[in-house]
Amino acid sequence: MRELVLTPKFKRVFRKFVVRNKKLQKRIEETLEQMNKDVFAAHLGTHKLGGELSGLYACICGYDCRIVFSIEQNKENDSEVIVLLDIGTHDEVY
């Protein structure tokens, strides 16, 4: 299991996104739980990004909702962590 790390930007954008899309909050929370268990589960549609976002990943959490994140090494205990960077519609995050 990888630990989820929420960046300040992710927290801020998440709050704004949920205000606009109240029905998605539960779905997003379920997606975050699944990411914590297995970030590469098939139904998450996790994929590598290219271009300006090269080196990052994205997954799907609803019809038009994407979570952008990176997978990094935790230097303290040498485990992998998932750093959540952005959330929003396809057009907002890409």
# chains A, B, ... in the order shown; residues from 1 in each chain; ligands from 1
>>> residues_around(residues="stretch 51-64 of chain A", least_positions_apart="4", cutoff="12 Å", atoms="only C-alpha atoms", output="tab-separated table (two decimals) with N, CA and C atoms, in the first residue's frame")
chain	number	residue	atom	x	y	z
A	17	PHE	N	-13.65	22.21	-6.42
A	17	PHE	CA	-14.25	21.26	-7.36
A	17	PHE	C	-15.48	20.60	-6.74
A	21	ASN	N	-19.46	20.40	-7.77
A	21	ASN	CA	-19.92	19.06	-8.14
A	21	ASN	C	-20.16	18.22	-6.89
A	23	LYS	N	-22.21	15.97	-6.03
A	23	LYS	CA	-22.47	14.54	-6.23
A	23	LYS	C	-21.18	13.74	-6.41
A	24	LEU	N	-20.13	14.40	-6.84
A	24	LEU	CA	-18.86	13.70	-7.11
A	24	LEU	C	-18.03	13.46	-5.85
A	25	GLN	N	-18.32	14.12	-4.75
A	25	GLN	CA	-17.47	14.02	-3.57
A	25	GLN	C	-17.30	12.57	-3.10
A	26	LYS	N	-18.40	11.84	-3.00
A	26	LYS	CA	-18.31	10.45	-2.55
A	26	LYS	C	-17.49	9.63	-3.54
A	27	ARG	N	-17.72	9.83	-4.82
A	27	ARG	CA	-16.98	9.10	-5.86
A	27	ARG	C	-15.49	9.40	-5.78
A	28	ILE	N	-15.15	10.65	-5.56
A	28	ILE	CA	-13.73	11.03	-5.44
A	28	ILE	C	-13.12	10.37	-4.21
A	29	GLU	N	-13.82	10.39	-3.09
A	29	GLU	CA	-13.30	9.76	-1.86
A	29	GLU	C	-13.10	8.26	-2.06
A	30	GLU	N	-14.03	7.60	-2.75
A	30	GLU	CA	-13.88	6.18	-3.05
A	30	GLU	C	-12.67	5.94	-3.96
A	31	THR	N	-12.47	6.82	-4.94
A	31	THR	CA	-11.33	6.70	-5.84
A	31	THR	C	-10.02	6.85	-5.07
A	32	LEU	N	-9.96	7.81	-4.15
A	32	LEU	CA	-8.75	7.99	-3.34
A	32	LEU	C	-8.47	6.76	-2.48
A	33	GLU	N	-9.51	6.15	-1.93
A	33	GLU	CA	-9.33	4.92	-1.16
A	33	GLU	C	-8.77	3.81	-2.04
A	34	GLN	N	-9.31	3.68	-3.25
A	34	GLN	CA	-8.83	2.66	-4.17
A	34	GLN	C	-7.39	2.94	-4.59
A	35	MET	N	-7.06	4.21	-4.80
A	35	MET	CA	-5.67	4.56	-5.16
A	35	MET	C	-4.72	4.14	-4.05
A	38	ASP	N	-4.56	0.18	-4.55
A	38	ASP	CA	-3.93	-0.24	-5.80
A	38	ASP	C	-4.14	0.83	-6.85
A	39	VAL	N	-3.16	1.69	-7.00
A	39	VAL	CA	-3.27	2.83	-7.92
A	39	VAL	C	-3.38	2.40	-9.38
A	40	PHE	N	-3.00	1.16	-9.68
A	40	PHE	CA	-3.06	0.69	-11.06
A	40	PHE	C	-4.24	-0.26	-11.29
A	41	ALA	N	-5.25	-0.23	-10.42
A	41	ALA	CA	-6.46	-1.04	-10.64
A	41	ALA	C	-7.08	-0.64	-11.97
A	42	ALA	N	-7.56	-1.61	-12.70
A	42	ALA	CA	-8.05	-1.37	-14.07
A	42	ALA	C	-9.14	-0.30	-14.15
A	43	HIS	N	-10.07	-0.31	-13.21
A	43	HIS	CA	-11.19	0.63	-13.31
A	43	HIS	C	-10.79	2.08	-13.05
A	44	LEU	N	-9.58	2.31	-12.54
A	44	LEU	CA	-9.10	3.68	-12.34
A	44	LEU	C	-8.56	4.28	-13.63
A	45	GLY	N	-8.21	3.43	-14.58
A	45	GLY	CA	-7.70	3.94	-15.85
A	45	GLY	C	-6.41	4.74	-15.69
A	46	THR	N	-5.57	4.35	-14.75
A	46	THR	CA	-4.32	5.07	-14.50
A	46	THR	C	-3.43	5.01	-15.74
A	47	HIS	N	-2.90	6.17	-16.12
A	47	HIS	CA	-2.04	6.24	-17.29
A	47	HIS	C	-0.98	7.33	-17.11
A	68	VAL	N	-4.54	14.11	-11.09
A	68	VAL	CA	-3.16	14.09	-11.56
A	68	VAL	C	-2.27	13.89	-10.35
A	69	PHE	N	-1.31	12.97	-10.46
A	69	PHE	CA	-0.45	12.64	-9.33
A	69	PHE	C	0.92	12.15	-9.80
A	70	SER	N	1.83	12.06	-8.85
A	70	SER	CA	3.14	11.46	-9.12
A	70	SER	C	3.36	10.36	-8.10
A	71	ILE	N	4.24	9.44	-8.44
A	71	ILE	CA	4.64	8.38	-7.51
A	71	ILE	C	6.10	8.63	-7.20
A	72	GLU	N	6.39	8.85	-5.92
A	72	GLU	CA	7.73	9.22	-5.50
A	72	GLU	C	8.20	8.34	-4.35
A	82	ILE	N	2.13	8.40	-3.07
A	82	ILE	CA	1.39	8.99	-4.18
A	82	ILE	C	1.14	10.44	-3.81
A	83	VAL	N	1.73	11.34	-4.57
A	83	VAL	CA	1.60	12.77	-4.32
A	83	VAL	C	0.49	13.31	-5.22
A	84	LEU	N	-0.63	13.69	-4.61
A	84	LEU	CA	-1.78	14.19	-5.36
A	84	LEU	C	-1.54	15.66	-5.71
A	85	LEU	N	-1.58	15.97	-7.00
A	85	LEU	CA	-1.20	17.30	-7.48
A	85	LEU	C	-2.38	18.15	-7.93
A	86	ASP	N	-3.36	17.54	-8.61
A	86	ASP	CA	-4.44	18.34	-9.18
A	86	ASP	C	-5.66	17.46	-9.38
A	87	ILE	N	-6.81	18.09	-9.41
A	87	ILE	CA	-8.07	17.40	-9.69
A	87	ILE	C	-8.96	18.35	-10.46
A	88	GLY	N	-9.73	17.81	-11.38
A	88	GLY	CA	-10.66	18.64	-12.14
A	88	GLY	C	-11.14	17.92	-13.38
A	89	THR	N	-11.80	18.68	-14.25
A	89	THR	CA	-12.25	18.10	-15.51
A	89	THR	C	-11.04	17.86	-16.41
A	90	HIS	N	-11.29	17.13	-17.47
A	90	HIS	CA	-10.21	16.83	-18.43
A	90	HIS	C	-9.53	18.11	-18.89
A	91	ASP	N	-10.32	19.10	-19.29
A	91	ASP	CA	-9.76	20.36	-19.80
A	91	ASP	C	-9.04	21.18	-18.72
A	92	GLU	N	-9.48	21.08	-17.48
A	92	GLU	CA	-8.86	21.85	-16.40
A	92	GLU	C	-7.47	21.33	-16.03
A	93	VAL	N	-7.28	20.03	-16.04
A	93	VAL	CA	-6.01	19.49	-15.55
A	93	VAL	C	-4.98	19.23	-16.63
A	94	TYR	N	-5.38	19.13	-17.91
A	94	TYR	CA	-4.43	18.85	-18.97
A	94	TYR	C	-4.04	20.10	-19.71
>>> select_by_dssp(residues="chain A", states="strand (DSSP E or B)", output="ChimeraX atom specification")
/A:3-6,47-48,57-60,66-74,79-88
>>> write_last_selection(atoms="C-alpha atoms", output="short mmCIF file (atom, residue, chain, number, x, y, z; two decimals), in the first residue's frame")
data_model
loop_
_atom_site.label_atom_id
_atom_site.label_comp_id
_atom_site.auth_asym_id
_atom_site.auth_seq_id
_atom_site.Cartn_x
_atom_site.Cartn_y
_atom_site.Cartn_z
CA GLU A 3 0.53 6.48 1.29
CA LEU A 4 -1.42 9.38 -0.24
CA VAL A 5 0.14 12.83 0.16
CA LEU A 6 -2.15 15.78 -0.55
CA HIS A 47 -2.04 6.24 -17.29
CA LYS A 48 1.22 8.12 -17.78
CA TYR A 57 0.15 10.05 -13.94
CA ALA A 58 -3.60 10.56 -14.11
CA CYS A 59 -6.60 8.44 -13.20
CA ILE A 60 -10.30 8.73 -13.82
CA ARG A 66 -9.34 13.41 -13.41
CA ILE A 67 -6.75 13.22 -10.64
CA VAL A 68 -3.16 14.09 -11.56
CA PHE A 69 -0.45 12.64 -9.33
CA SER A 70 3.14 11.46 -9.12
CA ILE A 71 4.64 8.38 -7.51
CA GLU A 72 7.73 9.22 -5.50
CA GLN A 73 10.09 7.61 -3.00
CA ASN A 74 9.69 8.57 0.65
CA SER A 79 8.54 3.48 0.60
CA GLU A 80 6.58 4.83 -2.33
CA VAL A 81 4.07 7.64 -1.85
CA ILE A 82 1.39 8.99 -4.18
CA VAL A 83 1.60 12.77 -4.32
CA LEU A 84 -1.78 14.19 -5.36
CA LEU A 85 -1.20 17.30 -7.48
CA ASP A 86 -4.44 18.34 -9.18
CA ILE A 87 -8.07 17.40 -9.69
CA GLY A 88 -10.66 18.64 -12.14
#
>>> atom_distance(atom1="atom CA of A:Arg2", atom2="atom CA of A:Glu76")
13.9 Å
>>> select_by_dssp(residues="chain A", states="helix (DSSP H, G or I)", output="PyMOL selection string")
chain A and resi 8-20+24-38+42-44+51-53+90-93
>>> atom_distance(atom1="atom CA of A:Met1", atom2="atom CA of A:Lys16")
28.2 Å
>>> atom_distance(atom1="atom CA of A:Lys37", atom2="atom CA of A:Phe10")
19.6 Å
